[in-house]
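Participant: Take a look at this one; I'll ask things after.
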Number of protein chains: 4
Amino acid sequence: MDSINKLSELFKEFPGIGPRQAKRFVYYLLSRNNGYLENLSKLVTELKREIKNCPSCFRFFPNDAAKSPLCSVCRDSNRDSSSLMIVARDVDFEAIEKSHSYSGFYFVLGGTVPILEKEPEKKIRVKELAARVKARAAEGLKEIIIATSVNPEGENTHDFIVTLLSPIIKQSGIKLSGLGRGLSTGTELEYSDSDTIKNALKNRS
Amino acid sequence: MDSINKLSELFKEFPGIGPRQAKRFVYYLLSRNNGYLENLSKLVTELKREIKNCPSCFRFFPNDAAKSPLCSVCRDSNRDSSSLMIVARDVDFEAIEKSHSYSGFYFVLGGTVPILEKEPEKKIRVKELAARVKARAAEGLKEIIIATSVNPEGENTHDFIVTLLSPIIKQSGIKLSGLGRGLSTGTELEYSDSDTIKNALKNRS
Amino acid sequence: MDSINKLSELFKEFPGIGPRQAKRFVYYLLSRNNGYLENLSKLVTELKREIKNCPSCFRFFPNDAAKSPLCSVCRDSNRDSSSLMIVARDVDFEAIEKSHSYSGFYFVLGGTVPILEKEPEKKIRVKELAARVKARAAEGLKEIIIATSVNPEGENTHDFIVTLLSPIIKQSGIKLSGLGRGLSTGTELEYSDSDTIKNALKNRS
Amino acid sequence: MDSINKLSELFKEFPGIGPRQAKRFVYYLLSRNNGYLENLSKLVTELKREIKNCPSCFRFFPNDAAKSPLCSVCRDSNRDSSSLMIVARDVDFEAIEKSHSYSGFYFVLGGTVPILEKEPEKKIRVKELAARVKARAAEGLKEIIIATSVNPEGENTHDFIVTLLSPIIKQSGIKLSGLGRGLSTGTELEYSDSDTIKNALKNRS
């Protein structure tokens with residue numbers, strides 16, 4: 001196999017990329033100058049050296065001047081230590097931060113639990129989550145917010161975490177909550193399912 | 001203009017129908033037997049005779065055995081008279097009823113108020129709504145729920161109604177609420193806007 | 001069942017209309033004045049009286065001043081009697097006429113032949129086509145153009161007609177042709193299938 | 001800017017990739033092992049060393065055992081030297097080869113000429129094309145096929161090349177042709193534009 005096809009094969013593994021677009025990526029690279037290619041190659045090699053996995057929340061974060069082992073959120077003493085939000089992936093963390101509506105800490109699961117999954121610990125950070133919750137419980141944690149998407153896999157992940165954490169936080173007084181359901185931006189009442197309407201009514205204000 | 005084109009012109013006025021589909025409708029009718037066409041023609045003629053506009057909630061409802069001037073909801077004494085829900089159209093009423101999550105009464109606006117609309121009373125039932133709220137207020141009304149879609153026109157309609165009703169219910173103790181915002185069925189956190197996330201956090205449970 | 005639902009059921013049978021849009025159509029009609037409804041009802045009733053099926057080409061056409069039993073195309077002595085084009089439906093006839101690129105006569109099959117169909121004569125006008133071709137053959141017909149869409153059902157219909165007509169026109173010198181294949185407006189070479197490319201090369205000019 | 005964002009910026013330049021998918025690519029890479037990243041980085045660096053630009057047809061091709069300066073097509077003496085096909089990009093060349101319907105030689109323009117473009121020579125290989133045609137003309141070239149897409153930019157490129165090459169091949173007897181127009185796979189007659197129908201009729205067979 002030649003370099004065009006070898007590189008196509010790697011691009012085909014990128015999320016959402018089919019064989020045709022993978023091939024286009026390669027021809028695109030061939031059309032760029034050496035500076036761009038070298039830059040891309042260098043950034044790919046250095047990525048794992050430059051980016052660390054926070055041992056507290058497990059999100060990826062860049063090595064910076066602070067040289068801290070913890071990410072910028074986990075080492076920020078101004079954040080609210082009474083709240084811990086559990087998200088599936090880094091992109092979910094980014095969406096929450098961008099909304100400027102949450103000031104507590106996070107835990108990134110690294111994935112979701114498919115329905116009927118036999119080995120959830122291979123899909124998300126089960127042990128690490130349990131350990132983190134125990135540690136936080138001793139540091140004044142009052143609420144855990146499970147922030148998963150409203151689709152079958154997201155809801156299954158939510159339920160799995162509730163089952164996992166309930167015994168751990170029993171008698172601790174820590175509240176376990178999920179994101180509120182209702183009409184989201186752009187929702188038209190006429191096309192809403194009964195579940196969404198029921199929740200929108202319950203959460204009316 | 002011949003009958004094919006004349007009928008096409010009428011179908012083109014149907015919601016969401018363009019010239020090509022309007023023409024297809026006509027050829028479809030030509031392919032059906034006379035029984036179907038006569039049935040369709042008869043139902044169209046009789047529609048307004050068979051279907052009345054409820055003088056209380058203004059939704060369309062069929063004349064039935066009860067021969068009541070009021071629709072089946074408005075004459076149902078088991079419904080909760082402390083609550084009135086305001087919806088834009090009959091299809092919204094149907095979506096709410098289908099969810100089996102609301103047992104109060106309704107008011108159908110008959111439309112929405114476009115942004116910058118100079119004559120809202122030509123778009124929705126303004127006078128009728130004010131009269132209905134005043135009447136209901138004397139009959140134990142405790143809450144008005146404005147159930148509009150989460151899009152610019154829906155939110156503008158919501159705001160217009162708040163401005164309209166606030167002085168009317170002042171000092172009456174009647175609560176004015178809107179449907180709750182949050183994640184709706186199918187929403188993925190990663191693609192949610194900041195507004196939806198903020199509301200989902202506020203309404204967490 | 002009340003009139004709203006009865007009428008919804010009829011609209012649901014229209015091509016491409018689901019239950020939700022059918023219901024919207026009914027509420028739309030309820031919002032219109034009586035004049036519109038009466039007009040619609042009248043046009044539907046009169047449709048089959050006003051529109052005739054041409055006994056020669058079988059397309060639908062309006063009764064007009066000429067009071068001819070034949071449609072405007074079939075009675076037009078300026079058209080080229082050496083050519084007969086076979087189309088599936090009236091909408092295909094309209095697309096061809098709109099292109100101003102054909103001046104011969106037509107035959108409307110009234111449908112297409114699904115793959116593995118056991119009774120094609122229930123789907124298209126088989127006997128009428130055979131009769132028409134025989135009649136035209138005696139009147140100087142030189143070419144039959146089978147103008148079907150390029151999808152499995154269209155190509156199956158094309159093949160069925162070739163098999164049907166070949167023995168009839170054998171030794172008559174009448175040519176049987178199909179529409180040319182190649183790049184259509186909007187086609188991008190990169191996304192073209194091999195069949196289209198092969199034909200585009202064959203038909204290059 | 002950290003490595004996540006720097007790499008996102010580079011991926012955003014890939015064809016068809018927006019900021020959100022670019023970020024997903026980076027997180028995807030972070031989730032892969034070092035072997036994958038090193039492989040990707042190495043292939044990107046080596047791409048231009050491994051892949052050459054054929055000095056005859058200008059398509060990209062891998063350096064291979066043959067160590068020829070020419071690509072596998074241009075050095076293939078079994079191909080038909082009487083025909084030269086001009087395509088916009090390597091992906092178009094691949095689509096044609098995959099159809100197994102052409103056995104002549106190629107010329108890759110490296111792009112297309114936008115409408116009203118003032119400097120076409122910056123978009124496509126103008127000088128190289130003129131030189132190649134002159135050289136081929138002396139070697140028995142009989143036909144040049146301009147194989148561009150049927151969209152405004154593709155047709156503009158076609159017209160530009162006709163204007164460019166006409167004086168060069170004048171009196172040479174070389175034929176200049178374009179790909180045939182007609183119904184492509186999947187085309188439905190009802191939705192075809194007049195231009196496509198006209199061409200499909202002209203190319204009927």
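How things are named: the first chain in the structure tokens is A, the next is B, and so on; residues count from 1 in each chain; ligands count from 1 in the order shown.
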Kindly provide the residues of chain B that approach chain C to within 9 Å, each paired with its closest atom pair and their distance in Å to one decimal, based on only C-alpha atoms, listed by chain and increasing number, as a tab-separated table.

Facilitator:
```
residue	atom	partner	partner_atom	distance
B:Asp2	CA	C:Pro62	CA	6.0
B:Ser3	CA	C:Leu47	CA	6.2
B:Ile4	CA	C:Leu47	CA	7.4
B:Lys6	CA	C:Leu43	CA	7.8
B:Leu7	CA	C:Leu43	CA	6.3
B:Leu10	CA	C:Leu40	CA	6.9
B:Phe11	CA	C:Leu40	CA	8.7
B:Phe14	CA	C:Phe25	CA	6.4
B:Pro15	CA	C:Phe25	CA	6.8
B:Gly16	CA	C:Gln21	CA	8.6
B:Gln21	CA	C:Pro15	CA	8.3
B:Lys23	CA	C:Val91	CA	8.2
B:Arg24	CA	C:Pro15	CA	7.4
B:Phe25	CA	C:Phe14	CA	6.4
B:Val26	CA	C:Leu47	CA	8.7
B:Tyr27	CA	C:Asp90	CA	7.6
B:Tyr28	CA	C:Phe14	CA	7.0
B:Leu29	CA	C:Val44	CA	8.0
B:Leu30	CA	C:Lys48	CA	6.6
B:Ser31	CA	C:Gly110	CA	8.9
B:Asn34	CA	C:Lys48	CA	7.8
B:Tyr36	CA	C:Leu10	CA	8.2
B:Leu37	CA	C:Thr45	CA	6.3
B:Glu38	CA	C:Thr45	CA	6.0
B:Asn39	CA	C:Leu10	CA	8.7
B:Leu40	CA	C:Leu10	CA	6.9
B:Ser41	CA	C:Ser41	CA	4.4
B:Lys42	CA	C:Ser41	CA	7.0
B:Leu43	CA	C:Leu7	CA	6.3
B:Val44	CA	C:Ser41	CA	5.9
B:Thr45	CA	C:Glu38	CA	6.1
B:Glu46	CA	C:Ser3	CA	8.0
B:Leu47	CA	C:Ser3	CA	6.2
B:Lys48	CA	C:Leu30	CA	6.6
B:Glu50	CA	C:Ser3	CA	6.6
B:Ile51	CA	C:Ser3	CA	7.1
B:Phe60	CA	C:Leu30	CA	8.0
B:Phe61	CA	C:Ile4	CA	8.3
B:Pro62	CA	C:Asp2	CA	6.1
B:Asn63	CA	C:Asp2	CA	8.3
B:Asp64	CA	C:Asp2	CA	8.5
B:Asp90	CA	C:Tyr27	CA	7.6
B:Val91	CA	C:Arg24	CA	7.6
B:Gly110	CA	C:Ser31	CA	8.9
```

Participant: Got a sec to align chain D on chain A by every in-order Cα pair and hand back the fitted coordinates as an mmCIF file with C-alpha atoms, in the first residue's frame?

Facilitator:
```cif
data_model
loop_
_atom_site.group_PDB
_atom_site.id
_atom_site.type_symbol
_atom_site.label_atom_id
_atom_site.label_comp_id
_atom_site.auth_asym_id
_atom_site.auth_seq_id
_atom_site.Cartn_x
_atom_site.Cartn_y
_atom_site.Cartn_z
ATOM 1 C CA MET D 1 -0.252 -0.052 0.105
ATOM 2 C CA ASP D 2 1.140 3.363 -0.839
ATOM 3 C CA SER D 3 1.329 6.439 1.426
ATOM 4 C CA ILE D 4 -1.880 7.935 -0.005
ATOM 5 C CA ASN D 5 -3.848 4.854 0.957
ATOM 6 C CA LYS D 6 -2.021 4.304 4.262
ATOM 7 C CA LEU D 7 -2.800 7.858 5.356
ATOM 8 C CA SER D 8 -6.384 7.535 4.092
ATOM 9 C CA GLU D 9 -6.800 4.495 6.322
ATOM 10 C CA LEU D 10 -5.736 6.520 9.376
ATOM 11 C CA PHE D 11 -8.059 9.428 8.530
ATOM 12 C CA LYS D 12 -10.938 6.967 8.058
ATOM 13 C CA GLU D 13 -10.671 6.230 11.793
ATOM 14 C CA PHE D 14 -11.307 9.900 12.654
ATOM 15 C CA PRO D 15 -14.821 10.430 14.077
ATOM 16 C CA GLY D 16 -17.393 10.938 11.314
ATOM 17 C CA ILE D 17 -14.959 10.502 8.402
ATOM 18 C CA GLY D 18 -15.742 8.068 5.551
ATOM 19 C CA PRO D 19 -13.403 6.698 2.881
ATOM 20 C CA ARG D 20 -14.146 9.464 0.391
ATOM 21 C CA GLN D 21 -13.449 12.340 2.761
ATOM 22 C CA ALA D 22 -10.357 10.522 4.096
ATOM 23 C CA LYS D 23 -8.946 10.465 0.558
ATOM 24 C CA ARG D 24 -9.803 14.139 0.089
ATOM 25 C CA PHE D 25 -7.837 14.928 3.264
ATOM 26 C CA VAL D 26 -4.747 13.247 1.791
ATOM 27 C CA TYR D 27 -5.015 15.125 -1.499
ATOM 28 C CA TYR D 28 -5.538 18.288 0.507
ATOM 29 C CA LEU D 29 -2.284 17.642 2.369
ATOM 30 C CA LEU D 30 -0.499 17.002 -0.926
ATOM 31 C CA SER D 31 -1.657 20.438 -2.073
ATOM 32 C CA ARG D 32 -0.208 22.195 0.982
ATOM 33 C CA ASN D 33 3.410 23.307 1.411
ATOM 34 C CA ASN D 34 5.989 21.469 3.500
ATOM 35 C CA GLY D 35 5.718 23.995 6.324
ATOM 36 C CA TYR D 36 2.080 23.105 6.953
ATOM 37 C CA LEU D 37 2.785 19.373 6.844
ATOM 38 C CA GLU D 38 5.745 19.645 9.196
ATOM 39 C CA ASN D 39 3.732 21.768 11.576
ATOM 40 C CA LEU D 40 0.872 19.247 11.538
ATOM 41 C CA SER D 41 3.230 16.312 12.006
ATOM 42 C CA LYS D 42 5.057 18.039 14.871
ATOM 43 C CA LEU D 43 1.862 18.997 16.698
ATOM 44 C CA VAL D 44 0.537 15.427 16.408
ATOM 45 C CA THR D 45 3.762 14.000 17.859
ATOM 46 C CA GLU D 46 3.950 16.517 20.643
ATOM 47 C CA LEU D 47 0.260 16.384 21.510
ATOM 48 C CA LYS D 48 0.567 13.784 24.227
ATOM 49 C CA ARG D 49 3.722 15.384 25.593
ATOM 50 C CA GLU D 50 2.127 18.827 25.755
ATOM 51 C CA ILE D 51 -1.277 17.690 26.935
ATOM 52 C CA LYS D 52 -1.742 15.957 30.246
ATOM 53 C CA ASN D 53 -4.606 14.082 31.776
ATOM 54 C CA CYS D 54 -5.646 15.739 35.034
ATOM 55 C CA PRO D 55 -5.354 13.117 37.822
ATOM 56 C CA SER D 56 -8.319 14.697 39.600
ATOM 57 C CA CYS D 57 -10.991 15.337 36.927
ATOM 58 C CA PHE D 58 -9.307 13.368 34.112
ATOM 59 C CA ARG D 59 -9.844 16.017 31.488
ATOM 60 C CA PHE D 60 -7.062 16.797 29.049
ATOM 61 C CA PHE D 61 -5.230 20.060 29.703
ATOM 62 C CA PRO D 62 -2.079 21.750 28.432
ATOM 63 C CA ASN D 63 1.107 21.828 30.399
ATOM 64 C CA ASP D 64 1.510 25.452 31.328
ATOM 65 C CA ALA D 65 3.623 27.923 33.210
ATOM 66 C CA ALA D 66 2.076 26.781 36.489
ATOM 67 C CA LYS D 67 3.690 23.335 36.022
ATOM 68 C CA SER D 68 0.924 22.010 38.239
ATOM 69 C CA PRO D 69 -0.028 18.339 38.040
ATOM 70 C CA LEU D 70 -3.650 19.518 38.280
ATOM 71 C CA CYS D 71 -5.649 21.229 35.516
ATOM 72 C CA SER D 72 -6.598 24.884 35.730
ATOM 73 C CA VAL D 73 -10.066 24.076 37.083
ATOM 74 C CA CYS D 74 -9.022 21.530 39.713
ATOM 75 C CA ARG D 75 -6.348 23.818 41.139
ATOM 76 C CA ASP D 76 -8.636 26.864 41.224
ATOM 77 C CA SER D 77 -9.404 27.552 44.869
ATOM 78 C CA ASN D 78 -12.159 29.983 43.929
ATOM 79 C CA ARG D 79 -14.356 27.220 42.578
ATOM 80 C CA ASP D 80 -17.188 25.801 44.620
ATOM 81 C CA SER D 81 -15.985 22.611 46.296
ATOM 82 C CA SER D 82 -19.498 21.655 47.362
ATOM 83 C CA SER D 83 -20.437 20.631 43.842
ATOM 84 C CA LEU D 84 -19.104 17.954 41.455
ATOM 85 C CA MET D 85 -20.408 17.600 37.900
ATOM 86 C CA ILE D 86 -19.939 14.296 36.045
ATOM 87 C CA VAL D 87 -19.680 14.585 32.241
ATOM 88 C CA ALA D 88 -19.023 11.979 29.539
ATOM 89 C CA ARG D 89 -16.326 13.769 27.562
ATOM 90 C CA ASP D 90 -14.057 16.800 27.349
ATOM 91 C CA VAL D 91 -16.359 18.392 24.741
ATOM 92 C CA ASP D 92 -19.211 18.271 27.263
ATOM 93 C CA PHE D 93 -16.984 19.960 29.845
ATOM 94 C CA GLU D 94 -16.260 22.663 27.269
ATOM 95 C CA ALA D 95 -19.970 23.200 26.511
ATOM 96 C CA ILE D 96 -20.723 23.643 30.233
ATOM 97 C CA GLU D 97 -17.797 26.018 30.844
ATOM 98 C CA LYS D 98 -18.823 28.075 27.810
ATOM 99 C CA SER D 99 -22.275 28.587 29.357
ATOM 100 C CA HIS D 100 -20.734 30.334 32.420
ATOM 101 C CA SER D 101 -23.449 28.805 34.556
ATOM 102 C CA TYR D 102 -21.478 26.407 36.753
ATOM 103 C CA SER D 103 -18.652 27.101 39.185
ATOM 104 C CA GLY D 104 -18.052 23.738 40.859
ATOM 105 C CA PHE D 105 -15.658 20.925 39.983
ATOM 106 C CA TYR D 106 -15.858 18.227 37.282
ATOM 107 C CA PHE D 107 -15.221 14.569 36.612
ATOM 108 C CA VAL D 108 -14.776 13.336 33.024
ATOM 109 C CA LEU D 109 -15.931 9.738 32.513
ATOM 110 C CA GLY D 110 -14.071 9.345 29.215
ATOM 111 C CA GLY D 111 -17.123 7.868 27.466
ATOM 112 C CA THR D 112 -20.618 6.500 27.974
ATOM 113 C CA VAL D 113 -22.059 3.119 28.940
ATOM 114 C CA PRO D 114 -23.929 1.436 26.050
ATOM 115 C CA ILE D 115 -27.173 -0.347 26.917
ATOM 116 C CA LEU D 116 -26.572 -3.982 27.982
ATOM 117 C CA GLU D 117 -22.813 -3.314 28.244
ATOM 118 C CA LYS D 118 -21.252 -6.139 30.267
ATOM 119 C CA GLU D 119 -18.025 -4.377 31.166
ATOM 120 C CA PRO D 120 -18.804 -0.717 31.884
ATOM 121 C CA GLU D 121 -15.396 -0.282 33.500
ATOM 122 C CA LYS D 122 -13.871 -0.628 30.023
ATOM 123 C CA LYS D 123 -16.004 2.248 28.722
ATOM 124 C CA ILE D 124 -15.833 4.771 31.551
ATOM 125 C CA ARG D 125 -13.651 5.528 34.575
ATOM 126 C CA VAL D 126 -15.617 3.561 37.178
ATOM 127 C CA LYS D 127 -12.982 3.022 39.855
ATOM 128 C CA GLU D 128 -11.580 6.528 39.483
ATOM 129 C CA LEU D 129 -15.062 8.027 39.878
ATOM 130 C CA ALA D 130 -15.769 6.055 43.044
ATOM 131 C CA ALA D 131 -12.412 7.094 44.492
ATOM 132 C CA ARG D 132 -12.907 10.742 43.556
ATOM 133 C CA VAL D 133 -16.386 10.881 45.107
ATOM 134 C CA LYS D 134 -15.092 9.341 48.341
ATOM 135 C CA ALA D 135 -12.234 11.833 48.473
ATOM 136 C CA ARG D 136 -14.505 14.817 47.708
ATOM 137 C CA ALA D 137 -17.067 13.615 50.266
ATOM 138 C CA ALA D 138 -14.455 14.181 52.943
ATOM 139 C CA GLU D 139 -13.864 17.712 51.585
ATOM 140 C CA GLY D 140 -17.368 19.149 51.925
ATOM 141 C CA LEU D 141 -19.055 17.814 48.773
ATOM 142 C CA LYS D 142 -22.824 18.475 48.933
ATOM 143 C CA GLU D 143 -24.095 17.737 45.434
ATOM 144 C CA ILE D 144 -23.185 15.523 42.497
ATOM 145 C CA ILE D 145 -24.705 16.568 39.149
ATOM 146 C CA ILE D 146 -24.810 13.853 36.496
ATOM 147 C CA ALA D 147 -24.739 15.790 33.210
ATOM 148 C CA THR D 148 -25.409 13.283 30.442
ATOM 149 C CA SER D 149 -27.148 13.689 27.076
ATOM 150 C CA VAL D 150 -30.838 12.816 26.728
ATOM 151 C CA ASN D 151 -30.462 9.793 24.477
ATOM 152 C CA PRO D 152 -30.566 6.066 25.286
ATOM 153 C CA GLU D 153 -26.815 5.766 25.896
ATOM 154 C CA GLY D 154 -26.694 8.985 27.922
ATOM 155 C CA GLU D 155 -29.638 7.939 30.084
ATOM 156 C CA ASN D 156 -28.167 4.476 30.578
ATOM 157 C CA THR D 157 -24.922 6.104 31.727
ATOM 158 C CA HIS D 158 -26.906 8.290 34.129
ATOM 159 C CA ASP D 159 -28.659 5.251 35.605
ATOM 160 C CA PHE D 160 -25.395 3.310 35.871
ATOM 161 C CA ILE D 161 -23.799 6.146 37.842
ATOM 162 C CA VAL D 162 -26.790 6.472 40.169
ATOM 163 C CA THR D 163 -26.533 2.747 40.950
ATOM 164 C CA LEU D 164 -22.768 3.020 41.395
ATOM 165 C CA LEU D 165 -22.755 6.080 43.640
ATOM 166 C CA SER D 166 -25.912 5.608 45.727
ATOM 167 C CA PRO D 167 -24.320 3.173 48.219
ATOM 168 C CA ILE D 168 -21.153 5.282 48.389
ATOM 169 C CA ILE D 169 -22.937 8.491 49.335
ATOM 170 C CA LYS D 170 -25.588 6.820 51.478
ATOM 171 C CA GLN D 171 -25.897 8.592 54.840
ATOM 172 C CA SER D 172 -23.463 11.266 53.649
ATOM 173 C CA GLY D 173 -26.190 13.797 52.902
ATOM 174 C CA ILE D 174 -24.752 14.342 49.409
ATOM 175 C CA LYS D 175 -27.488 15.042 46.865
ATOM 176 C CA LEU D 176 -27.436 13.259 43.502
ATOM 177 C CA SER D 177 -29.077 15.247 40.713
ATOM 178 C CA GLY D 178 -29.411 15.248 36.922
ATOM 179 C CA LEU D 179 -29.738 18.121 34.463
ATOM 180 C CA GLY D 180 -33.245 19.563 34.195
ATOM 181 C CA ARG D 181 -35.508 18.440 31.378
ATOM 182 C CA GLY D 182 -37.778 20.780 29.423
ATOM 183 C CA LEU D 183 -37.966 22.730 26.193
ATOM 184 C CA SER D 184 -34.513 23.456 24.793
ATOM 185 C CA THR D 185 -33.677 26.349 22.513
ATOM 186 C CA GLY D 186 -35.406 25.844 19.165
ATOM 187 C CA THR D 187 -37.966 23.328 20.443
ATOM 188 C CA GLU D 188 -41.425 23.665 18.878
ATOM 189 C CA LEU D 189 -44.236 22.583 21.131
ATOM 190 C CA GLU D 190 -46.163 20.925 18.292
ATOM 191 C CA TYR D 191 -43.315 18.507 17.608
ATOM 192 C CA SER D 192 -42.380 17.794 21.231
ATOM 193 C CA ASP D 193 -42.731 14.307 22.671
ATOM 194 C CA SER D 194 -44.891 13.692 25.735
ATOM 195 C CA ASP D 195 -41.879 13.214 27.983
ATOM 196 C CA THR D 196 -40.445 16.619 27.153
ATOM 197 C CA ILE D 197 -43.851 18.289 27.630
ATOM 198 C CA LYS D 198 -44.362 16.566 30.983
ATOM 199 C CA ASN D 199 -40.959 17.775 32.183
ATOM 200 C CA ALA D 200 -41.488 21.266 30.775
ATOM 201 C CA LEU D 201 -44.712 21.466 32.775
ATOM 202 C CA LYS D 202 -43.093 20.152 35.930
ATOM 203 C CA ASN D 203 -40.240 22.665 35.622
ATOM 204 C CA ARG D 204 -42.426 25.623 34.679
ATOM 205 C CA SER D 205 -41.550 28.917 36.307
#
```

Participant: Run DSSP on the backbone and give me the residues of stretch 7-130 of chain B it puts in helix (DSSP H, G or I), as a PDB file with C-alpha atoms, in the first residue's frame.

Facilitator:
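File part-v7.pdb, as written:
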```pdb
ATOM      1  CA  LEU B   7     -57.090  23.201  -7.973  1.00  0.00           C
ATOM      2  CA  SER B   8     -53.266  23.311  -7.904  1.00  0.00           C
ATOM      3  CA  GLU B   9     -53.478  26.979  -6.957  1.00  0.00           C
ATOM      4  CA  LEU B  10     -55.682  26.119  -3.955  1.00  0.00           C
ATOM      5  CA  PHE B  11     -53.414  23.286  -2.800  1.00  0.00           C
ATOM      6  CA  LYS B  12     -50.400  25.624  -3.081  1.00  0.00           C
ATOM      7  CA  PRO B  19     -46.241  24.163  -6.753  1.00  0.00           C
ATOM      8  CA  ARG B  20     -44.854  20.739  -7.626  1.00  0.00           C
ATOM      9  CA  GLN B  21     -46.530  18.886  -4.773  1.00  0.00           C
ATOM     10  CA  ALA B  22     -49.778  20.827  -5.376  1.00  0.00           C
ATOM     11  CA  LYS B  23     -49.806  19.487  -8.942  1.00  0.00           C
ATOM     12  CA  ARG B  24     -49.101  15.963  -7.697  1.00  0.00           C
ATOM     13  CA  PHE B  25     -52.111  16.248  -5.385  1.00  0.00           C
ATOM     14  CA  VAL B  26     -54.347  17.048  -8.360  1.00  0.00           C
ATOM     15  CA  TYR B  27     -53.050  14.099 -10.415  1.00  0.00           C
ATOM     16  CA  TYR B  28     -53.479  11.948  -7.336  1.00  0.00           C
ATOM     17  CA  LEU B  29     -57.133  12.981  -7.118  1.00  0.00           C
ATOM     18  CA  LEU B  30     -57.583  12.243 -10.832  1.00  0.00           C
ATOM     19  CA  SER B  31     -56.321   8.712 -10.148  1.00  0.00           C
ATOM     20  CA  ASN B  34     -65.501   9.210  -7.711  1.00  0.00           C
ATOM     21  CA  GLY B  35     -66.442   7.936  -4.250  1.00  0.00           C
ATOM     22  CA  TYR B  36     -63.209   9.258  -2.746  1.00  0.00           C
ATOM     23  CA  LEU B  37     -63.574  12.634  -4.457  1.00  0.00           C
ATOM     24  CA  GLU B  38     -67.190  13.029  -3.394  1.00  0.00           C
ATOM     25  CA  ASN B  39     -66.295  12.070   0.154  1.00  0.00           C
ATOM     26  CA  LEU B  40     -63.454  14.618   0.214  1.00  0.00           C
ATOM     27  CA  SER B  41     -65.628  17.320  -1.301  1.00  0.00           C
ATOM     28  CA  LYS B  42     -68.461  16.655   1.153  1.00  0.00           C
ATOM     29  CA  LEU B  43     -66.191  16.654   4.220  1.00  0.00           C
ATOM     30  CA  VAL B  44     -64.621  19.953   3.134  1.00  0.00           C
ATOM     31  CA  THR B  45     -68.053  21.560   2.710  1.00  0.00           C
ATOM     32  CA  GLU B  46     -69.385  20.221   5.968  1.00  0.00           C
ATOM     33  CA  LEU B  47     -66.246  20.932   7.970  1.00  0.00           C
ATOM     34  CA  LYS B  48     -67.319  24.329   9.260  1.00  0.00           C
ATOM     35  CA  ARG B  49     -70.848  23.105   9.896  1.00  0.00           C
ATOM     36  CA  GLU B  50     -69.666  20.091  11.872  1.00  0.00           C
ATOM     37  CA  ASP B  90     -55.022  23.684  18.241  1.00  0.00           C
ATOM     38  CA  VAL B  91     -52.050  21.438  17.403  1.00  0.00           C
ATOM     39  CA  ASP B  92     -50.274  22.658  20.555  1.00  0.00           C
ATOM     40  CA  PHE B  93     -53.403  21.868  22.592  1.00  0.00           C
ATOM     41  CA  GLU B  94     -53.327  18.369  21.097  1.00  0.00           C
ATOM     42  CA  ALA B  95     -49.654  17.843  21.966  1.00  0.00           C
ATOM     43  CA  ILE B  96     -50.298  18.841  25.607  1.00  0.00           C
ATOM     44  CA  GLU B  97     -53.396  16.641  25.951  1.00  0.00           C
ATOM     45  CA  LYS B  98     -51.507  13.714  24.451  1.00  0.00           C
ATOM     46  CA  PRO B 120     -51.029  41.942  17.507  1.00  0.00           C
ATOM     47  CA  GLU B 121     -54.826  41.885  17.846  1.00  0.00           C
ATOM     48  CA  LYS B 122     -54.967  40.855  14.178  1.00  0.00           C
ATOM     49  CA  VAL B 126     -56.159  39.663  22.486  1.00  0.00           C
ATOM     50  CA  LYS B 127     -59.544  40.956  23.670  1.00  0.00           C
ATOM     51  CA  GLU B 128     -60.952  37.471  24.107  1.00  0.00           C
ATOM     52  CA  LEU B 129     -57.936  36.455  26.230  1.00  0.00           C
ATOM     53  CA  ALA B 130     -58.258  39.482  28.511  1.00  0.00           C
TER      54      ALA B 130
END
```

Participant: Run DSSP on the backbone and give me the residues of stretch 15-166 of chain C it puts in strand (DSSP E or B), as a list in words.

Facilitator: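 Strand (DSSP E or B) assignments inside stretch 15-166 of chain C correspond to Ile51, Lys52, Asn53, Phe60, Phe61, Pro62, Asp80, Ser81, Ser82, Ser83, Leu84, Met85, Ile86, Val87, Gly104, Phe105, Tyr106, Phe107, Val108, Glu143, Ile144, Ile145, Ile146 and Ala147 of chain C.
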